[in-house]
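Pasted below: data.csv, CSV, C-alpha atoms and all ligand atoms.
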chain,number,residue,atom,x,y,z
D,1,MET,CA,-48.7,-8.3,-61.1
D,2,ARG,CA,-45.1,-9.1,-60.2
D,3,ASN,CA,-43.2,-6.4,-58.3
D,4,ARG,CA,-40.8,-5.0,-60.9
D,5,THR,CA,-38.5,-3.1,-58.6
D,6,ALA,CA,-35.8,-4.4,-56.3
D,7,ARG,CA,-36.9,-5.4,-52.8
D,8,ARG,CA,-34.1,-3.4,-51.2
D,9,LEU,CA,-35.7,-0.2,-52.5
D,10,ALA,CA,-38.7,-0.7,-50.3
D,11,GLN,CA,-36.4,-0.1,-47.3
D,12,VAL,CA,-35.5,3.4,-48.6
D,13,SER,CA,-38.2,6.0,-48.2
D,14,PRO,CA,-38.3,9.0,-50.6
D,15,SER,CA,-36.3,11.9,-49.2
D,16,GLY,CA,-38.4,13.8,-46.5
D,17,ILE,CA,-36.8,17.0,-47.9
D,18,ARG,CA,-38.0,16.6,-51.5
D,19,LYS,CA,-41.6,15.9,-50.4
D,20,PHE,CA,-41.7,19.4,-49.0
D,21,PHE,CA,-40.2,21.0,-51.9
D,22,ASP,CA,-42.7,19.6,-54.3
D,23,LEU,CA,-45.4,21.2,-52.1
D,24,ILE,CA,-43.6,24.6,-52.1
D,25,SER,CA,-43.2,24.7,-55.8
D,26,SER,CA,-47.1,25.0,-56.0
D,27,MET,CA,-47.2,28.0,-53.6
D,28,GLU,CA,-46.5,31.7,-53.9
D,29,GLY,CA,-44.7,34.0,-51.4
D,30,VAL,CA,-43.0,31.2,-49.5
D,31,ILE,CA,-39.7,32.0,-47.7
D,32,SER,CA,-37.6,28.9,-47.9
D,33,LEU,CA,-35.3,27.9,-45.0
D,34,GLY,CA,-35.5,24.5,-46.6
D,35,VAL,CA,-33.0,23.3,-49.3
D,36,GLY,CA,-29.5,23.1,-48.0
D,37,GLU,CA,-27.8,25.0,-50.7
D,38,PRO,CA,-25.8,28.3,-50.9
D,39,ASP,CA,-27.9,31.3,-52.1
D,40,PHE,CA,-24.7,32.8,-53.7
D,41,ALA,CA,-23.8,32.3,-57.4
D,42,THR,CA,-20.5,30.6,-58.0
D,43,PRO,CA,-17.8,33.3,-57.9
D,44,TRP,CA,-17.5,34.7,-61.4
D,45,HIS,CA,-13.8,33.9,-62.1
D,46,ILE,CA,-14.6,30.2,-61.4
D,47,THR,CA,-17.4,30.2,-63.8
D,48,GLU,CA,-15.3,32.1,-66.3
D,49,ALA,CA,-12.5,29.5,-66.1
D,50,ALA,CA,-15.0,26.9,-67.1
D,51,ILE,CA,-16.5,29.0,-69.9
D,52,ASN,CA,-13.0,29.6,-71.3
D,53,SER,CA,-12.2,25.9,-71.2
D,54,LEU,CA,-15.4,25.1,-73.1
D,55,GLU,CA,-14.5,27.7,-75.7
D,56,GLN,CA,-11.2,25.9,-76.1
D,57,GLY,CA,-13.0,22.6,-76.7
D,58,TYR,CA,-12.7,21.0,-73.3
D,59,THR,CA,-15.8,19.0,-73.6
D,60,MET,CA,-14.6,15.4,-73.3
D,61,TYR,CA,-14.2,12.7,-70.7
D,62,THR,CA,-11.3,13.0,-68.3
D,63,SER,CA,-9.4,10.1,-66.8
D,64,ASN,CA,-11.5,8.0,-64.5
D,65,SER,CA,-9.6,9.3,-61.5
D,66,GLY,CA,-10.2,12.9,-62.6
D,67,MET,CA,-7.9,15.6,-64.1
D,68,LEU,CA,-4.4,15.1,-62.7
D,69,GLU,CA,-4.0,18.9,-62.2
D,70,LEU,CA,-7.0,18.9,-60.0
D,71,ARG,CA,-5.8,15.9,-57.9
D,72,GLN,CA,-2.4,17.6,-57.6
D,73,GLU,CA,-4.0,20.9,-56.5
D,74,LEU,CA,-6.0,18.9,-53.9
D,75,ALA,CA,-3.0,17.0,-52.7
D,76,SER,CA,-1.2,20.4,-52.2
D,77,TYR,CA,-4.2,21.9,-50.4
D,78,LEU,CA,-4.5,18.9,-48.0
D,79,LYS,CA,-0.7,19.0,-47.3
D,80,ALA,CA,-0.7,22.7,-46.7
D,81,THR,CA,-3.8,22.8,-44.5
D,82,PHE,CA,-3.7,19.5,-42.6
D,83,GLY,CA,-0.2,18.2,-43.2
D,84,LEU,CA,-1.7,15.2,-45.0
D,85,GLU,CA,0.3,13.6,-47.8
D,86,TYR,CA,-1.7,11.8,-50.5
D,87,ASP,CA,-0.3,10.5,-53.8
D,88,PRO,CA,-2.5,12.2,-56.5
D,89,ASP,CA,-2.0,9.2,-58.8
D,90,THR,CA,-3.2,6.5,-56.5
D,91,GLN,CA,-4.8,7.9,-53.4
D,92,MET,CA,-7.2,10.5,-54.8
D,93,LEU,CA,-10.4,10.2,-56.9
D,94,ILE,CA,-12.5,13.0,-58.3
D,95,THR,CA,-16.2,12.2,-57.9
D,96,ASN,CA,-19.6,13.6,-58.9
D,97,GLY,CA,-19.9,15.5,-55.7
D,98,VAL,CA,-19.7,13.9,-52.2
D,99,SER,CA,-23.0,12.2,-53.1
D,100,GLU,CA,-21.1,9.9,-55.5
D,101,GLY,CA,-18.1,9.6,-53.2
D,102,LEU,CA,-20.4,8.3,-50.4
D,103,ASP,CA,-22.0,5.8,-52.7
D,104,LEU,CA,-18.7,4.6,-53.9
D,105,ALA,CA,-17.2,4.3,-50.5
D,106,VAL,CA,-20.0,2.2,-49.1
D,107,ARG,CA,-20.1,0.0,-52.2
D,108,ALA,CA,-16.4,-0.5,-52.1
D,109,ILE,CA,-16.3,-1.7,-48.6
D,110,LEU,CA,-19.6,-3.5,-47.8
D,111,ASP,CA,-20.6,-7.1,-48.3
D,112,PRO,CA,-24.3,-7.9,-47.9
D,113,GLY,CA,-25.3,-7.6,-44.2
D,114,ASP,CA,-22.3,-5.6,-43.1
D,115,GLU,CA,-22.9,-2.7,-40.8
D,116,ILE,CA,-22.0,0.9,-40.7
D,117,ILE,CA,-22.4,2.9,-37.5
D,118,MET,CA,-23.6,6.5,-38.0
D,119,PRO,CA,-25.0,9.3,-35.9
D,120,ASP,CA,-28.8,10.1,-35.9
D,121,PRO,CA,-29.9,12.6,-36.9
D,122,SER,CA,-27.8,12.8,-40.0
D,123,TYR,CA,-27.8,13.6,-43.7
D,124,VAL,CA,-30.6,11.8,-45.5
D,125,ALA,CA,-28.3,10.0,-48.0
D,126,TYR,CA,-26.3,8.1,-45.4
D,127,PRO,CA,-28.7,5.4,-44.5
D,128,ALA,CA,-30.1,5.2,-48.0
D,129,CYS,CA,-26.7,4.7,-49.6
D,130,ILE,CA,-25.9,2.0,-47.1
D,131,VAL,CA,-29.1,0.1,-47.7
D,132,LEU,CA,-28.7,0.4,-51.5
D,133,ALA,CA,-25.3,-1.3,-51.0
D,134,ASP,CA,-27.0,-4.1,-49.2
D,135,GLY,CA,-25.6,-2.9,-45.9
D,136,VAL,CA,-27.2,-2.2,-42.6
D,137,PRO,CA,-27.1,1.4,-41.1
D,138,VAL,CA,-26.7,1.3,-37.3
D,139,HIS,CA,-28.0,4.5,-35.8
D,140,VAL,CA,-26.5,6.2,-32.8
D,141,PRO,CA,-28.9,8.8,-31.3
D,142,THR,CA,-27.3,12.1,-30.5
D,143,ASN,CA,-29.1,15.0,-28.8
D,144,CYS,CA,-29.2,18.6,-28.2
D,145,ASP,CA,-28.0,18.3,-24.5
D,146,ASN,CA,-24.7,17.0,-25.9
D,147,ALA,CA,-24.6,19.5,-28.8
D,148,PHE,CA,-25.5,16.6,-31.2
D,149,LYS,CA,-22.0,15.2,-30.9
D,150,LEU,CA,-21.3,11.5,-31.4
D,151,ARG,CA,-20.0,9.9,-28.2
D,152,ALA,CA,-17.3,7.3,-28.5
D,153,GLU,CA,-18.9,5.0,-25.8
D,154,ASP,CA,-22.2,5.0,-27.8
D,155,VAL,CA,-20.4,4.0,-30.9
D,156,GLU,CA,-18.4,1.3,-29.2
D,157,ALA,CA,-21.6,-0.2,-27.6
D,158,ARG,CA,-22.9,-0.8,-31.2
D,159,VAL,CA,-19.8,-2.5,-32.6
D,160,THR,CA,-20.5,-6.1,-33.8
D,161,GLU,CA,-18.6,-8.6,-35.9
D,162,ARG,CA,-20.4,-7.2,-38.9
D,163,THR,CA,-19.3,-3.6,-38.3
D,164,ARG,CA,-17.1,-2.4,-41.2
D,165,ALA,CA,-17.0,1.4,-40.7
D,166,ILE,CA,-18.1,4.5,-38.8
D,167,LEU,CA,-19.7,7.2,-41.0
D,168,ILE,CA,-19.5,10.7,-39.7
D,169,GLY,CA,-19.9,14.1,-41.1
D,170,TYR,CA,-18.8,17.1,-39.0
D,171,PRO,CA,-19.9,19.9,-39.4
D,172,THR,CA,-23.2,18.1,-39.6
D,173,ASN,CA,-26.3,18.4,-41.7
D,174,PRO,CA,-29.0,18.9,-40.2
D,175,THR,CA,-27.7,20.2,-36.8
D,176,GLY,CA,-24.6,22.3,-37.6
D,177,ALA,CA,-22.8,20.5,-34.8
D,178,VAL,CA,-19.0,20.4,-34.9
D,179,MET,CA,-16.7,18.0,-33.1
D,180,GLU,CA,-13.4,19.2,-31.8
D,181,ALA,CA,-10.2,17.3,-32.6
D,182,ASN,CA,-10.0,15.8,-29.1
D,183,GLU,CA,-13.6,14.5,-29.4
D,184,LEU,CA,-12.9,13.0,-32.8
D,185,ALA,CA,-9.8,11.4,-31.4
D,186,GLU,CA,-12.0,9.3,-29.1
D,187,ILE,CA,-14.0,8.1,-32.1
D,188,ALA,CA,-10.6,7.3,-33.8
D,189,ASP,CA,-9.6,5.2,-30.7
D,190,VAL,CA,-12.8,3.1,-31.1
D,191,ALA,CA,-12.0,2.6,-34.8
D,192,ARG,CA,-8.5,1.6,-34.1
D,193,ARG,CA,-9.4,-0.8,-31.3
D,194,HIS,CA,-11.9,-2.6,-33.6
D,195,ASP,CA,-10.1,-2.3,-36.9
D,196,LEU,CA,-12.8,-0.2,-38.5
D,197,LEU,CA,-12.7,2.3,-41.3
D,198,VAL,CA,-14.0,5.8,-40.8
D,199,ILE,CA,-15.8,7.5,-43.7
D,200,SER,CA,-15.6,11.2,-43.0
D,201,ASP,CA,-17.9,13.4,-45.0
D,202,GLU,CA,-16.2,16.9,-44.8
D,203,ILE,CA,-18.3,18.7,-47.3
D,204,TYR,CA,-18.8,21.6,-44.8
D,205,ASN,CA,-15.2,21.6,-43.7
D,206,LEU,CA,-14.6,25.2,-44.6
D,207,LEU,CA,-17.9,26.5,-43.1
D,208,VAL,CA,-17.0,26.6,-39.4
D,209,TYR,CA,-17.5,29.5,-37.0
D,210,ASP,CA,-15.4,30.4,-33.9
D,211,THR,CA,-13.5,27.2,-34.4
D,212,GLU,CA,-10.8,25.8,-36.7
D,213,PRO,CA,-11.5,23.2,-39.4
D,214,THR,CA,-10.4,19.7,-38.5
D,215,CYS,CA,-9.8,16.8,-40.8
D,216,PHE,CA,-10.4,13.3,-39.5
D,217,ALA,CA,-7.6,11.7,-41.6
D,218,ALA,CA,-5.1,14.1,-39.9
D,219,LEU,CA,-5.7,12.5,-36.5
D,220,PRO,CA,-2.6,10.5,-35.5
D,221,GLY,CA,-2.5,7.1,-37.2
D,222,MET,CA,-5.9,7.6,-39.0
D,223,LYS,CA,-4.8,8.5,-42.5
D,224,ASP,CA,-4.9,4.9,-43.9
D,225,SER,CA,-8.1,3.9,-42.3
D,226,THR,CA,-10.1,7.1,-43.1
D,227,ILE,CA,-12.0,7.6,-46.4
D,228,LEU,CA,-12.0,11.4,-46.7
D,229,LEU,CA,-14.9,12.8,-48.7
D,230,ALA,CA,-15.2,16.5,-49.5
D,231,GLY,CA,-16.1,18.8,-52.3
D,232,PHE,CA,-16.8,22.2,-53.7
D,233,SER,CA,-20.7,22.4,-53.5
D,234,LYS,CA,-21.1,24.2,-50.2
D,235,SER,CA,-17.9,26.2,-49.5
D,236,TYR,CA,-17.5,27.6,-53.0
D,237,ALA,CA,-21.3,27.7,-53.9
D,238,MET,CA,-20.8,25.1,-56.6
D,239,THR,CA,-23.7,22.7,-56.1
D,240,GLY,CA,-24.5,22.4,-59.8
D,241,TRP,CA,-21.0,21.7,-61.0
D,242,ARG,CA,-21.0,18.2,-59.4
D,243,VAL,CA,-17.4,18.0,-58.2
D,244,GLY,CA,-16.1,16.3,-55.1
D,245,TYR,CA,-13.2,14.1,-54.1
D,246,ALA,CA,-12.2,11.1,-52.1
D,247,ALA,CA,-8.8,10.6,-50.5
D,248,GLY,CA,-7.7,7.4,-48.8
D,249,SER,CA,-5.4,4.4,-48.9
D,250,THR,CA,-4.3,3.1,-52.3
D,251,GLU,CA,-6.4,-0.1,-51.7
D,252,ILE,CA,-9.6,1.8,-51.0
D,253,ILE,CA,-9.2,4.4,-53.7
D,254,ALA,CA,-8.6,1.6,-56.2
D,255,ALA,CA,-11.8,-0.2,-55.1
D,256,MET,CA,-13.8,3.0,-55.3
D,257,THR,CA,-12.3,3.8,-58.7
D,258,LYS,CA,-13.4,0.4,-60.0
D,259,VAL,CA,-17.0,1.1,-59.1
D,260,HIS,CA,-16.8,4.7,-60.4
D,261,GLN,CA,-15.3,3.8,-63.8
D,262,TYR,CA,-18.2,1.5,-64.6
D,263,THR,CA,-21.0,3.7,-63.2
D,264,ALA,CA,-20.0,7.3,-63.7
D,265,LEU,CA,-16.8,7.1,-65.8
D,266,CYS,CA,-15.7,10.6,-64.6
D,267,ALA,CA,-16.9,13.8,-63.1
D,268,PRO,CA,-17.9,16.6,-65.6
D,269,ILE,CA,-14.8,18.2,-67.1
D,270,MET,CA,-16.1,21.7,-66.9
D,271,GLY,CA,-16.8,21.2,-63.2
D,272,GLN,CA,-13.2,19.9,-62.7
D,273,VAL,CA,-11.8,22.9,-64.5
D,274,ALA,CA,-13.9,25.2,-62.3
D,275,ALA,CA,-12.7,23.3,-59.2
D,276,ILE,CA,-9.0,23.9,-60.2
D,277,GLU,CA,-9.7,27.6,-60.4
D,278,ALA,CA,-11.6,27.5,-57.1
D,279,LEU,CA,-8.6,25.9,-55.3
D,280,LYS,CA,-6.1,28.3,-57.0
D,281,ALA,CA,-7.9,31.6,-56.5
D,282,GLY,CA,-11.2,31.1,-54.7
D,283,ALA,CA,-10.2,31.4,-51.0
D,284,ALA,CA,-11.2,35.1,-50.6
D,285,GLU,CA,-14.7,34.6,-51.8
D,286,CYS,CA,-15.0,31.4,-49.8
D,287,GLU,CA,-14.1,33.5,-46.7
D,288,GLN,CA,-16.6,36.3,-47.6
D,289,MET,CA,-19.4,33.8,-48.0
D,290,ARG,CA,-18.5,32.1,-44.7
D,291,ASP,CA,-18.5,35.5,-42.9
D,292,GLU,CA,-21.9,36.2,-44.3
D,293,TYR,CA,-23.3,32.9,-43.2
D,294,ASP,CA,-21.9,33.6,-39.8
D,295,ARG,CA,-23.8,37.0,-39.6
D,296,ARG,CA,-27.0,35.2,-40.5
D,297,ARG,CA,-26.3,32.4,-38.1
D,298,ARG,CA,-26.2,34.8,-35.2
D,299,VAL,CA,-29.4,36.5,-36.3
D,300,ILE,CA,-31.4,33.2,-36.7
D,301,ILE,CA,-30.1,31.6,-33.5
D,302,LYS,CA,-31.0,34.7,-31.5
D,303,GLY,CA,-34.4,35.0,-33.1
D,304,LEU,CA,-35.4,31.3,-32.6
D,305,ASN,CA,-34.3,31.4,-29.0
D,306,GLU,CA,-36.2,34.6,-28.3
D,307,MET,CA,-39.5,33.2,-29.7
D,308,GLY,CA,-39.1,30.2,-27.4
D,309,LEU,CA,-37.7,27.6,-29.9
D,310,SER,CA,-34.6,26.7,-28.0
D,311,CYS,CA,-31.7,26.2,-30.3
D,312,PHE,CA,-28.2,25.1,-29.4
D,313,GLU,CA,-25.4,27.2,-31.1
D,314,PRO,CA,-24.4,25.5,-34.3
D,315,LYS,CA,-20.6,25.9,-35.1
D,316,GLY,CA,-20.7,24.9,-38.7
D,317,ALA,CA,-22.5,24.4,-42.0
D,318,PHE,CA,-25.6,26.7,-42.5
D,319,TYR,CA,-28.3,25.0,-40.4
D,320,ALA,CA,-30.1,25.8,-37.2
D,321,PHE,CA,-31.9,22.9,-35.5
D,322,PRO,CA,-34.3,24.3,-32.9
D,323,SER,CA,-36.6,22.3,-30.7
D,324,ILE,CA,-40.3,22.7,-31.5
D,325,THR,CA,-41.6,20.6,-28.5
D,326,ILE,CA,-43.2,23.7,-26.9
D,327,THR,CA,-45.9,23.5,-29.6
D,328,GLY,CA,-46.7,19.9,-28.8
D,329,MET,CA,-46.6,19.2,-32.6
D,330,SER,CA,-44.6,16.5,-34.3
D,331,SER,CA,-41.9,18.0,-36.5
D,332,GLU,CA,-43.8,17.0,-39.7
D,333,GLU,CA,-47.0,18.6,-38.4
D,334,PHE,CA,-45.1,21.8,-37.4
D,335,ALA,CA,-43.4,22.1,-40.8
D,336,GLU,CA,-46.6,21.4,-42.7
D,337,ARG,CA,-48.7,23.9,-40.7
D,338,LEU,CA,-46.0,26.6,-40.7
D,339,LEU,CA,-45.8,26.3,-44.5
D,340,LYS,CA,-49.6,26.4,-45.0
D,341,GLU,CA,-50.3,29.1,-42.4
D,342,GLU,CA,-47.3,31.4,-42.6
D,343,LYS,CA,-45.6,30.3,-45.8
D,344,VAL,CA,-42.2,29.5,-44.3
D,345,ALA,CA,-40.6,26.3,-45.4
D,346,VAL,CA,-38.4,24.3,-42.9
D,347,VAL,CA,-37.6,20.6,-42.9
D,348,PRO,CA,-39.0,18.3,-40.2
D,349,GLY,CA,-36.2,16.9,-38.1
D,350,SER,CA,-37.7,13.4,-38.5
D,351,ALA,CA,-36.5,13.4,-42.1
D,352,PHE,CA,-33.0,13.0,-40.7
D,353,GLY,CA,-33.7,10.1,-38.4
D,354,GLN,CA,-35.8,9.3,-35.3
D,355,ALA,CA,-33.5,11.3,-33.1
D,356,GLY,CA,-34.3,14.4,-35.2
D,357,GLU,CA,-38.0,14.3,-34.0
D,358,GLY,CA,-39.0,17.3,-31.9
D,359,HIS,CA,-36.8,19.6,-34.1
D,360,VAL,CA,-36.9,21.3,-37.5
D,361,ARG,CA,-34.0,22.2,-39.7
D,362,CYS,CA,-33.8,25.9,-40.7
D,363,CYS,CA,-31.2,26.6,-43.4
D,364,TYR,CA,-29.9,30.1,-43.2
D,365,ALA,CA,-28.3,30.2,-46.6
D,366,THR,CA,-30.7,32.9,-47.6
D,367,SER,CA,-30.6,36.7,-47.4
D,368,LEU,CA,-30.8,38.4,-44.0
D,369,SER,CA,-34.1,40.1,-45.0
D,370,ASN,CA,-35.6,36.7,-45.8
D,371,ILE,CA,-34.4,35.4,-42.4
D,372,GLU,CA,-35.8,38.4,-40.6
D,373,GLU,CA,-39.2,38.0,-42.3
D,374,ALA,CA,-39.2,34.3,-41.7
D,375,LEU,CA,-38.5,34.8,-38.0
D,376,ASN,CA,-41.4,37.3,-37.7
D,377,ARG,CA,-43.7,34.8,-39.3
D,378,MET,CA,-42.4,31.9,-37.2
D,379,ALA,CA,-42.7,34.0,-34.0
D,380,ARG,CA,-46.4,34.7,-34.8
D,381,PHE,CA,-47.0,31.0,-35.4
D,382,VAL,CA,-45.3,29.8,-32.2
D,383,LYS,CA,-47.1,32.4,-30.1
D,384,LYS,CA,-50.4,31.0,-31.4
D,385,TYR,CA,-49.6,27.4,-30.7
D,386,ARG,CA,-47.2,27.2,-27.8
D,387,ARG,CA,-48.4,25.1,-24.9
D,388,ASP,CA,-46.1,26.0,-22.1
D,401,LIG,C1,-23.7,16.2,-45.3
D,401,LIG,C2,-23.8,16.3,-46.8
D,401,LIG,N1,-23.0,15.5,-47.5
D,401,LIG,C3,-23.1,15.4,-48.9
D,401,LIG,C4,-23.9,16.3,-49.6
D,401,LIG,C5,-23.9,16.2,-51.1
D,401,LIG,O1,-22.9,17.0,-51.6
D,401,LIG,P1,-22.5,17.1,-53.1
D,401,LIG,O2,-23.2,18.3,-53.7
D,401,LIG,O3,-21.1,17.3,-53.1
D,401,LIG,O4,-23.0,15.8,-53.7
D,401,LIG,C6,-24.8,17.1,-48.9
D,401,LIG,C7,-25.7,18.0,-49.5
D,401,LIG,O5,-26.6,18.6,-49.0
D,401,LIG,C8,-24.7,17.1,-47.4
D,401,LIG,O6,-25.4,17.9,-46.7

How would this structure read if it were set down as structure tokens?
Amino acid sequence: MRNRTARRLAQVSPSGIRKFFDLISSMEGVISLGVGEPDFATPWHITEAAINSLEQGYTMYTSNSGMLELRQELASYLKATFGLEYDPDTQMLITNGVSEGLDLAVRAILDPGDEIIMPDPSYVAYPACIVLADGVPVHVPTNCDNAFKLRAEDVEARVTERTRAILIGYPTNPTGAVMEANELAEIADVARRHDLLVISDEIYNLLVYDTEPTCFAALPGMKDSTILLAGFSKSYAMTGWRVGYAAGSTEIIAAMTKVHQYTALCAPIMGQVAAIEALKAGAAECEQMRDEYDRRRRVIIKGLNEMGLSCFEPKGAFYAFPSITITGMSSEEFAERLLKEEKVAVVPGSAFGQAGEGHVRCCYATSLSNIEEALNRMARFVKKYRRD
């Protein structure tokens, strides 16, 4: 029988994360350090704002670009926080999460065969989105010795005539790595020298520890060649509301809006209303959640290192990415056996690219008591299998 699905789909494997979660849903007593999602409910006043709007009949489409009030609030926030000036009418687009923003960005800029340079390991959607837009993801391995930072010289070595952009996301999923402004400036230099765009996924921008948030677009001269993607899912515990935003040059935002208006039309209105409330009055809760993640981060990093799974100190997001090489297992085998034998779910590092092999991703967006129990179970498992 003729193949009924597009050939390009064969290049995209199903998410290595989802596979595990299908397995977990059939088991009892599992502690999940798996799905990368806040364990907090959305702060109540944010939910309430959306409920009130529904009661008032706000159930319709918004403009393709998103509610003007939300774009204006975002423009004020970006100005106040990073000194960035975007025109809410032409340089901002409200998306269905950063997920959609990412898809729009690559579809807006790629012709078939064009390349995007990205770090490895990185968020599972990056290479998939690029391939689905008929582009070519070019992986730059990063490693634990360099705190999983992207080195400018490694990026530059991969620039070809087909390169259109560099795609980065700091703080990073799956490692929690953060790049400081001076390190990002070196990436900006490469982009400038080769006239490349930078797609900067800043979904975890408010979840940084012992360091200040940076915004790539705020680096000198980078505003017009950066596509800034960010949203509300992680910092405000709003994954289900599906709201994110893109900010960039008028030309790029117009191109992204063209794709968006025919594929998504707009982001959900209730999510947009909630996002306005989050921006106006959600900072305190955002901070409280961040402080709680920080407490958990310290506990999990200490616990993993003590049991022999060496783990560099992540400075952002809510992931630890320990090495599991002392067990001699592949990351997939480690995750599968840990789940079956000790009922702790982690994600194999290989799900995030080849350079993730030898590591597992542990998400610490779960209660301290869960983390402590998971660490006990993992320590028992590691003691049984360590080979050194
Ligand atoms: C790095 C990164 N970017 C984007 C997303 C998707 O975010 P959103 O919920 O805004 O679509 C995630 C979700 O895990 C992520 O980790």

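Minimum atom-to-atom distances from D:Ala267, D:Arg296, D:Phe352, D:Ser63 to D:Pro127 were compared using all atoms listed in the file, and the lowest value belongs to D:Phe352.
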
Neighbours of D:Ala125 within 12 Å (only C-alpha atoms; same-chain residues fewer than 6 positions away dropped), as number ranges by chain? D: 12-17, 98-103, 106, 118, 131-132, 137, 167, 169, 173-174, 201, 351-353

When you look at D:Glu372 with a cut-off of 10 Å (counting all atoms listed in the file), what residues show up, excluding the ones that are within fewer than 5 positions of it in the same chain? I need them as a PyMOL selection string. chain D and resi 296+299-300+303+367+377-378

Sort by chain and increasing residue number a table of all residues of chain D within 10 Å of ligand LIG 401 (chain D), each with its closest pair of atoms and their distance in Å to one decimal, counting only C-alpha atoms and all ligand atoms, and write it as JSON lines.
{"residue": "D:Val35", "atom": "CA", "partner": "D:LIG401", "partner_atom": "O5", "distance": 7.9}
{"residue": "D:Gly36", "atom": "CA", "partner": "D:LIG401", "partner_atom": "O5", "distance": 5.4}
{"residue": "D:Glu37", "atom": "CA", "partner": "D:LIG401", "partner_atom": "O5", "distance": 6.7}
{"residue": "D:Pro38", "atom": "CA", "partner": "D:LIG401", "partner_atom": "O5", "distance": 9.9}
{"residue": "D:Thr95", "atom": "CA", "partner": "D:LIG401", "partner_atom": "O3", "distance": 8.5}
{"residue": "D:Asn96", "atom": "CA", "partner": "D:LIG401", "partner_atom": "O4", "distance": 6.6}
{"residue": "D:Gly97", "atom": "CA", "partner": "D:LIG401", "partner_atom": "O3", "distance": 3.4}
{"residue": "D:Val98", "atom": "CA", "partner": "D:LIG401", "partner_atom": "O3", "distance": 3.8}
{"residue": "D:Ser99", "atom": "CA", "partner": "D:LIG401", "partner_atom": "O4", "distance": 3.6}
{"residue": "D:Glu100", "atom": "CA", "partner": "D:LIG401", "partner_atom": "O4", "distance": 6.5}
{"residue": "D:Gly101", "atom": "CA", "partner": "D:LIG401", "partner_atom": "O4", "distance": 7.9}
{"residue": "D:Leu102", "atom": "CA", "partner": "D:LIG401", "partner_atom": "C3", "distance": 7.7}
{"residue": "D:Ser122", "atom": "CA", "partner": "D:LIG401", "partner_atom": "C1", "distance": 7.5}
{"residue": "D:Tyr123", "atom": "CA", "partner": "D:LIG401", "partner_atom": "C1", "distance": 5.1}
{"residue": "D:Val124", "atom": "CA", "partner": "D:LIG401", "partner_atom": "O6", "distance": 8.1}
{"residue": "D:Ala125", "atom": "CA", "partner": "D:LIG401", "partner_atom": "C3", "distance": 7.6}
{"residue": "D:Tyr126", "atom": "CA", "partner": "D:LIG401", "partner_atom": "N1", "distance": 8.4}
{"residue": "D:Ile168", "atom": "CA", "partner": "D:LIG401", "partner_atom": "C1", "distance": 8.9}
{"residue": "D:Gly169", "atom": "CA", "partner": "D:LIG401", "partner_atom": "C1", "distance": 6.0}
{"residue": "D:Tyr170", "atom": "CA", "partner": "D:LIG401", "partner_atom": "C1", "distance": 8.0}
{"residue": "D:Pro171", "atom": "CA", "partner": "D:LIG401", "partner_atom": "C1", "distance": 7.9}
{"residue": "D:Thr172", "atom": "CA", "partner": "D:LIG401", "partner_atom": "C1", "distance": 6.0}
{"residue": "D:Asn173", "atom": "CA", "partner": "D:LIG401", "partner_atom": "C1", "distance": 5.0}
{"residue": "D:Pro174", "atom": "CA", "partner": "D:LIG401", "partner_atom": "O6", "distance": 7.5}
{"residue": "D:Gly176", "atom": "CA", "partner": "D:LIG401", "partner_atom": "C1", "distance": 9.9}
{"residue": "D:Ser200", "atom": "CA", "partner": "D:LIG401", "partner_atom": "N1", "distance": 9.7}
{"residue": "D:Asp201", "atom": "CA", "partner": "D:LIG401", "partner_atom": "N1", "distance": 6.1}
{"residue": "D:Glu202", "atom": "CA", "partner": "D:LIG401", "partner_atom": "N1", "distance": 7.4}
{"residue": "D:Ile203", "atom": "CA", "partner": "D:LIG401", "partner_atom": "N1", "distance": 5.7}
{"residue": "D:Tyr204", "atom": "CA", "partner": "D:LIG401", "partner_atom": "C1", "distance": 7.3}
{"residue": "D:Leu229", "atom": "CA", "partner": "D:LIG401", "partner_atom": "C3", "distance": 8.6}
{"residue": "D:Ala230", "atom": "CA", "partner": "D:LIG401", "partner_atom": "O3", "distance": 7.0}
{"residue": "D:Gly231", "atom": "CA", "partner": "D:LIG401", "partner_atom": "O3", "distance": 5.3}
{"residue": "D:Phe232", "atom": "CA", "partner": "D:LIG401", "partner_atom": "O3", "distance": 6.5}
{"residue": "D:Ser233", "atom": "CA", "partner": "D:LIG401", "partner_atom": "O2", "distance": 4.8}
{"residue": "D:Lys234", "atom": "CA", "partner": "D:LIG401", "partner_atom": "O2", "distance": 7.2}
{"residue": "D:Ala237", "atom": "CA", "partner": "D:LIG401", "partner_atom": "O2", "distance": 9.6}
{"residue": "D:Met238", "atom": "CA", "partner": "D:LIG401", "partner_atom": "O2", "distance": 7.8}
{"residue": "D:Thr239", "atom": "CA", "partner": "D:LIG401", "partner_atom": "O2", "distance": 5.0}
{"residue": "D:Gly240", "atom": "CA", "partner": "D:LIG401", "partner_atom": "O2", "distance": 7.5}
{"residue": "D:Trp241", "atom": "CA", "partner": "D:LIG401", "partner_atom": "O2", "distance": 8.3}
{"residue": "D:Arg242", "atom": "CA", "partner": "D:LIG401", "partner_atom": "O2", "distance": 6.1}
{"residue": "D:Val243", "atom": "CA", "partner": "D:LIG401", "partner_atom": "O3", "distance": 6.3}
{"residue": "D:Gly244", "atom": "CA", "partner": "D:LIG401", "partner_atom": "O3", "distance": 5.5}
{"residue": "D:Tyr245", "atom": "CA", "partner": "D:LIG401", "partner_atom": "O3", "distance": 8.6}
{"residue": "D:Ala317", "atom": "CA", "partner": "D:LIG401", "partner_atom": "O6", "distance": 8.5}
{"residue": "D:Phe318", "atom": "CA", "partner": "D:LIG401", "partner_atom": "O6", "distance": 9.8}
{"residue": "D:Tyr319", "atom": "CA", "partner": "D:LIG401", "partner_atom": "O6", "distance": 9.9}
